[in-house]
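Scroll down for the structure; my scribbles are underneath it.
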Amino acid sequence: MIKTHEDKYADIYDDYRLLSIMVDTLAKLKISTSINTESGEVTLSPYLSPSNLESRLKKTDIIIAPDGTIVYPQSLYLVSKLRGEGAVKDTDPIAKGLLAFTRYLDSTHYTQVDEDGNEIPPEYLTYKALSKYEEEGAPWRFAEFLLANCNNIEGANGNEAFSLSTARSYMSAVIGFYKWMQRFGYIKNNDQNVVTHYTTGTVYPELNQHDMLAHTKSGSKRTYETSNIMKMFPKKENTPAHKKLKPMHPEHKALFNEYVNSLPKATGLIFRLCIEAGLRIDEAIHFPAHDIGKADYCDLDVVPVKIIRTKGSKPRTVEIPIELYEELEIYKESNARLTNLNKCNALIQSGEILDTVEYLFISNKGIPYSGNTLETHFSNLRKQIREMDPTWYYRIHDLRSTFATHWLWQASQKRAVGYDFLMDELAELMGHASTSTTEKYIKFMNKLDDQINMAKSKNRKINEGWA
């Protein structure tokens with residue numbers, strides 16, 4: 001039995017929202033019987049019999065759609081959390097997490113338009129959007145959305161401002177929702193509908209050496225289960241920085257180079273600046289146009305270009321491969337860009353924008369591209385490549401780490417020096433204020449070399465054994 005705190009069921013809202021209700025947790029479903037005296041037909045009618053116990057009335061929230069209808073099965077799950085196994089005293093954190101999840105799913109049902117007017121087709125995600133790859137499912141995609149909108153995670157550039165604790169709470173609520181749906185058959189639970197994979201761990205409590213009964217407690221332990229999705233969210237204790245890196249290996253970079261050309265020209269060039277010159281995404285968006293095409297660099301392998309818009313506002317010189325630089329020259333003089341530049345100049349003259357720096361990449365609105373637009377384009381690029389190779393899974397900030405690791409390997413091979421010798425030079429190219437930030441790339445490469453050498457050693461022993 002449900003008693004609402006609000007009576008305006010017919011109101012139309014612009015967004016999904018929460019509605020507070022009171023639920024009788026001891027109400028029972030009963031069946032009434034009626035017999036048609038003429039035909040003798042028996043009709044069974046179900047109804048909810050209230051307990052009439054005020055102590056069993058509990059408050060929760062349900063989710064209401066913009067048209068005023070109740071959103072299922074999210075709302076049913078919220079009601080179910082008031083009783084039985086896993087009952088909670090306060091459903092508010094769960095409700096907020098499911099509301100954010102519902103809004104995110106709804107946002108994928110609409111065509112988006114980037115700054116150049118290119119349509120980004122809708123994906124039409126629902127809570128049933130699952131496949132044999134957990135990274136393609138709605139829960140994983142929601143996790144990416146939360147991470148992209150965390151205000152205390154490096155590389156996050158979304159419009160929202162979730163704290164890390166809030167994002168973890170929301171994701172935990174969604175995973176609980178999926179476990180419940182699997183249990184009661186709302187979604188299939190098989191190899192073709194994977195929500196997330198889990199790993200099991202064991203914690204042994206520390207024993208008090210002054211406890212005379214400590215020897216009787218040595219066998220006590222706690223087993224816990226962690227999902228791959230929750231592992232995406234950083235914990236308070238920091239994971240070593242080099243273990244967070246996920247640069248592309250050569251085969252995956254080759255796929256990126258092949259498919260990036262399918263993107264709008266400006267978007268593709270921005271991504272290539274990140275992976276070929278180590279620019280941060282915001283630095284690539286605000287790449288200066290002034291020095292492009294000013295001199296002939298055809299006799300060089302890389303072209304030095306000074307950028308001003310950097311993290312920490314400290315100008316630095318980056319190295320652009322000559323092939324990419326020549327494409328930047330052509331793009332600078334393209335009709336599409338010159339048209340957008342005229343719009344930009346008009347906005348500057350009218351005082352609508354105050355930044356008078358001429359950037360290379362200007363949208364058809366006359367302003368630089370937004371991070372959100374680029375995230376969407378990269379998501380579509382990833383989807384295309386994964387149709388060819390399902391193991392290709394990277395995010396935008398992995399472009400920069402790909403540059404760093406590939407540069408280290410190539411420079412080390414060419415000069416026959418160790419990675420540590422190259423640290424200062426890489427720090428300058430990457431724009432690190434301190435080489436302590438650069439160390440993560442050095443550690444990553446040293447660790448990778450150790451793994452390769454160990455594998456070679458094992459193969460050598462195996463081959464010698466068969467000889």
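Residue numbering restarts at 1 in every chain; chains get A, B, ... in the order shown in the structure tokens, and ligands count up from 1 in that same order.
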
Set out as a Markdown table a contact list for range 266-334 of chain A and range 405-427 of chain A with a cut-off of 12 Å, giving each residue of range 266-334 of chain A that qualifies its closest atom pair and distance in Å to one decimal, counting only C-alpha atoms, ordered by chain and rising residue number.
```
| residue | atom | partner | partner_atom | distance |
| --- | --- | --- | --- | --- |
| A:Ile275 | CA | A:His406 | CA | 9.4 |
| A:Glu276 | CA | A:Trp407 | CA | 8.9 |
| A:Ala277 | CA | A:Trp407 | CA | 9.3 |
| A:Gly278 | CA | A:Trp407 | CA | 9.3 |
| A:Arg316 | CA | A:Ala427 | CA | 10.7 |
| A:Thr317 | CA | A:Glu425 | CA | 11.4 |
| A:Val318 | CA | A:Leu426 | CA | 10.4 |
| A:Glu319 | CA | A:Leu426 | CA | 11.1 |
| A:Pro321 | CA | A:Trp407 | CA | 11.8 |
```

Where does DSSP see alpha helix (DSSP H) in range 226-301 of chain A, if you list the residues as a PyMOL selection string?
chain A and resi 228-231+241-244+250-259+265-277+281-285

With N, CA and C atoms retained, could you export that selection as a short mmCIF file (atom, residue, chain, number, x, y, z; two decimals), in the first residue's frame?
```cif
data_model
loop_
_atom_site.label_atom_id
_atom_site.label_comp_id
_atom_site.auth_asym_id
_atom_site.auth_seq_id
_atom_site.Cartn_x
_atom_site.Cartn_y
_atom_site.Cartn_z
N ASN A 228 34.83 -5.48 -11.58
CA ASN A 228 35.76 -4.74 -12.44
C ASN A 228 35.33 -3.29 -12.57
N ILE A 229 34.03 -3.05 -12.53
CA ILE A 229 33.53 -1.68 -12.65
C ILE A 229 33.98 -0.84 -11.47
N MET A 230 33.84 -1.36 -10.25
CA MET A 230 34.22 -0.58 -9.08
C MET A 230 35.73 -0.38 -9.01
N LYS A 231 36.48 -1.28 -9.64
CA LYS A 231 37.94 -1.11 -9.67
C LYS A 231 38.34 0.11 -10.49
N ALA A 241 51.24 5.39 -9.63
CA ALA A 241 50.85 6.11 -10.84
C ALA A 241 51.15 5.32 -12.11
N HIS A 242 52.28 4.58 -12.13
CA HIS A 242 52.64 3.88 -13.37
C HIS A 242 51.69 2.71 -13.66
N LYS A 243 51.01 2.21 -12.60
CA LYS A 243 50.07 1.12 -12.81
C LYS A 243 48.73 1.59 -13.37
N LYS A 244 48.50 2.91 -13.34
CA LYS A 244 47.25 3.45 -13.88
C LYS A 244 47.36 3.71 -15.38
N PRO A 250 51.70 -1.18 -30.16
CA PRO A 250 51.81 -0.80 -31.58
C PRO A 250 50.65 -1.23 -32.46
N GLU A 251 50.13 -2.46 -32.27
CA GLU A 251 49.03 -2.93 -33.12
C GLU A 251 47.77 -2.09 -32.89
N HIS A 252 47.51 -1.73 -31.64
CA HIS A 252 46.33 -0.92 -31.34
C HIS A 252 46.50 0.52 -31.81
N LYS A 253 47.74 1.02 -31.78
CA LYS A 253 47.97 2.37 -32.29
C LYS A 253 47.76 2.40 -33.80
N ALA A 254 48.15 1.32 -34.47
CA ALA A 254 47.95 1.24 -35.92
C ALA A 254 46.45 1.28 -36.25
N LEU A 255 45.63 0.60 -35.45
CA LEU A 255 44.18 0.65 -35.65
C LEU A 255 43.65 2.06 -35.43
N PHE A 256 44.16 2.73 -34.41
CA PHE A 256 43.75 4.13 -34.16
C PHE A 256 44.07 4.99 -35.37
N ASN A 257 45.29 4.88 -35.89
CA ASN A 257 45.70 5.69 -37.04
C ASN A 257 44.83 5.42 -38.26
N GLU A 258 44.36 4.19 -38.38
CA GLU A 258 43.52 3.82 -39.52
C GLU A 258 42.12 4.41 -39.40
N TYR A 259 41.53 4.31 -38.21
CA TYR A 259 40.13 4.70 -38.04
C TYR A 259 39.94 6.18 -37.70
N LYS A 265 37.43 16.30 -39.72
CA LYS A 265 38.85 16.64 -39.87
C LYS A 265 39.45 17.25 -38.62
N ALA A 266 38.79 18.27 -38.07
CA ALA A 266 39.33 18.96 -36.90
C ALA A 266 39.45 18.01 -35.71
N THR A 267 38.44 17.19 -35.50
CA THR A 267 38.45 16.25 -34.38
C THR A 267 39.60 15.26 -34.51
N GLY A 268 39.78 14.73 -35.71
CA GLY A 268 40.86 13.78 -35.94
C GLY A 268 42.23 14.40 -35.71
N LEU A 269 42.41 15.64 -36.15
CA LEU A 269 43.70 16.32 -35.95
C LEU A 269 43.97 16.59 -34.47
N ILE A 270 42.94 16.92 -33.72
CA ILE A 270 43.09 17.15 -32.28
C ILE A 270 43.57 15.87 -31.59
N PHE A 271 42.93 14.75 -31.92
CA PHE A 271 43.32 13.48 -31.31
C PHE A 271 44.75 13.10 -31.71
N ARG A 272 45.12 13.38 -32.95
CA ARG A 272 46.47 13.02 -33.41
C ARG A 272 47.53 13.90 -32.76
N LEU A 273 47.20 15.14 -32.44
CA LEU A 273 48.14 15.99 -31.70
C LEU A 273 48.41 15.41 -30.30
N CYS A 274 47.39 14.82 -29.72
CA CYS A 274 47.54 14.23 -28.39
C CYS A 274 48.44 12.99 -28.45
N ILE A 275 48.25 12.16 -29.44
CA ILE A 275 48.97 10.88 -29.49
C ILE A 275 50.34 11.01 -30.16
N GLU A 276 50.53 12.04 -31.01
CA GLU A 276 51.81 12.19 -31.72
C GLU A 276 52.71 13.25 -31.12
N ALA A 277 52.13 14.16 -30.30
CA ALA A 277 52.94 15.24 -29.72
C ALA A 277 52.78 15.35 -28.22
N ILE A 281 44.33 17.21 -23.83
CA ILE A 281 43.20 17.48 -24.72
C ILE A 281 42.87 18.97 -24.76
N ASP A 282 42.97 19.65 -23.63
CA ASP A 282 42.67 21.09 -23.60
C ASP A 282 43.75 21.87 -24.36
N GLU A 283 44.98 21.40 -24.32
CA GLU A 283 46.05 22.05 -25.06
C GLU A 283 45.85 21.89 -26.56
N ALA A 284 45.38 20.73 -26.98
CA ALA A 284 45.12 20.51 -28.40
C ALA A 284 43.94 21.34 -28.88
N ILE A 285 42.90 21.44 -28.04
CA ILE A 285 41.74 22.26 -28.39
C ILE A 285 42.16 23.71 -28.63
#
```

Hey, what's within 8 Å of Thr102 in chain A if we count only C-alpha atoms and toss same-chain stuff fewer than 4 positions away? As number ranges by chain, please?
A: 16, 98, 106

Please dump the current selection as a compact mmCIF listing (two decimals), in the first residue's frame; keep C-alpha atoms.
```txt
# COMPACT_ATOMS: atom_id res chain seq x y z
CA TYR A 16 13.28 12.65 -14.33
CA LEU A 98 19.42 5.27 -9.82
CA ASP A 106 17.78 8.87 -21.35
```

Do a neighbour search on Leu360 in chain A at 6 Å with only C-alpha atoms, toss out local chain neighbours closer than 5 positions, and write the hits as a PyMOL selection string.
chain A and resi 287-289

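CA of Met248 in chain A to CA of Ser379 in chain A spans 15.9 Å [interatomic distance, one decimal].
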
In Å, rounded to a single decimal, give me how far CA of Glu144 in chain A is from CA of His197 in chain A.
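Pair CA of His197 in chain A / CA of Glu144 in chain A returns 16.2 Å.
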
Selection near Asn190 in chain A, 12 Å with only C-alpha atoms, sequence-local residues under 2 positions removed, as a list of chain:residue names:
A:Leu130, A:Ser131, A:Lys132, A:Tyr133, A:Glu134, A:Gln182, A:Gly185, A:Ile187, A:Lys188, A:Gln192, A:Asn193, A:Val194, A:Val195, A:Thr196, A:His197

Residues as selected, N, CA and C atoms, written as a short mmCIF file (atom, residue, chain, number, x, y, z; two decimals), in the first residue's frame, can you do that?
```cif
data_model
loop_
_atom_site.label_atom_id
_atom_site.label_comp_id
_atom_site.auth_asym_id
_atom_site.auth_seq_id
_atom_site.Cartn_x
_atom_site.Cartn_y
_atom_site.Cartn_z
N LEU A 130 23.16 -4.88 -22.59
CA LEU A 130 24.28 -5.71 -22.14
C LEU A 130 24.75 -6.57 -23.31
N SER A 131 26.00 -7.01 -23.25
CA SER A 131 26.53 -7.91 -24.26
C SER A 131 27.53 -8.84 -23.58
N LYS A 132 28.24 -9.60 -24.37
CA LYS A 132 29.24 -10.51 -23.78
C LYS A 132 30.48 -9.76 -23.32
N TYR A 133 30.60 -8.49 -23.72
CA TYR A 133 31.71 -7.65 -23.27
C TYR A 133 31.20 -6.66 -22.24
N GLU A 134 31.72 -6.72 -21.03
CA GLU A 134 31.22 -5.85 -19.97
C GLU A 134 31.43 -4.37 -20.31
N GLN A 182 18.95 -9.53 -11.85
CA GLN A 182 19.37 -10.88 -12.23
C GLN A 182 18.70 -11.92 -11.35
N GLY A 185 14.99 -12.19 -12.37
CA GLY A 185 14.70 -12.48 -13.76
C GLY A 185 14.30 -11.30 -14.63
N ILE A 187 16.43 -9.31 -16.04
CA ILE A 187 17.40 -9.36 -17.12
C ILE A 187 18.00 -10.76 -17.16
N LYS A 188 18.49 -11.15 -18.31
CA LYS A 188 19.13 -12.45 -18.44
C LYS A 188 20.49 -12.45 -17.75
N GLN A 192 26.12 -13.92 -22.58
CA GLN A 192 25.81 -12.91 -23.59
C GLN A 192 25.24 -11.63 -22.97
N ASN A 193 25.05 -11.62 -21.67
CA ASN A 193 24.49 -10.45 -20.97
C ASN A 193 25.30 -10.21 -19.70
N VAL A 194 26.55 -9.82 -19.89
CA VAL A 194 27.47 -9.63 -18.76
C VAL A 194 27.34 -8.21 -18.20
N VAL A 195 27.05 -8.14 -16.91
CA VAL A 195 27.02 -6.83 -16.24
C VAL A 195 28.45 -6.42 -15.90
N THR A 196 29.15 -7.26 -15.18
CA THR A 196 30.56 -7.04 -14.84
C THR A 196 31.12 -8.34 -14.31
N HIS A 197 32.42 -8.47 -14.40
CA HIS A 197 33.09 -9.63 -13.83
C HIS A 197 33.56 -9.29 -12.42
#
```

Separation of CA of Glu225 in chain A from CA of Gln451 in chain A in Å:
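These two atoms are separated by 28.4 Å.
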
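Candidate residues A:Thr391, A:Ser165, A:Thr69, A:Ser32 were compared for distance to Gly97 in chain A, and the nearest is A:Ser165, using only C-alpha atoms.
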
Can you work out which one of A:Asn149, A:Thr60, A:Ser169, A:Asn189 has the shortest atom-to-atom distance to Lys128 in chain A, counting only C-alpha atoms?
A:Asn189

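Ranking A:Lys461, A:His377, A:Arg386, A:Arg400 by their shortest atom-to-atom distance to Val113 in chain A, with only C-alpha atoms included, puts A:His377 first.
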
In terms of only C-alpha atoms, the residue from A:Arg141, A:Lys235, A:Arg103, A:His109 at minimal distance from Arg168 in chain A is A:Lys235
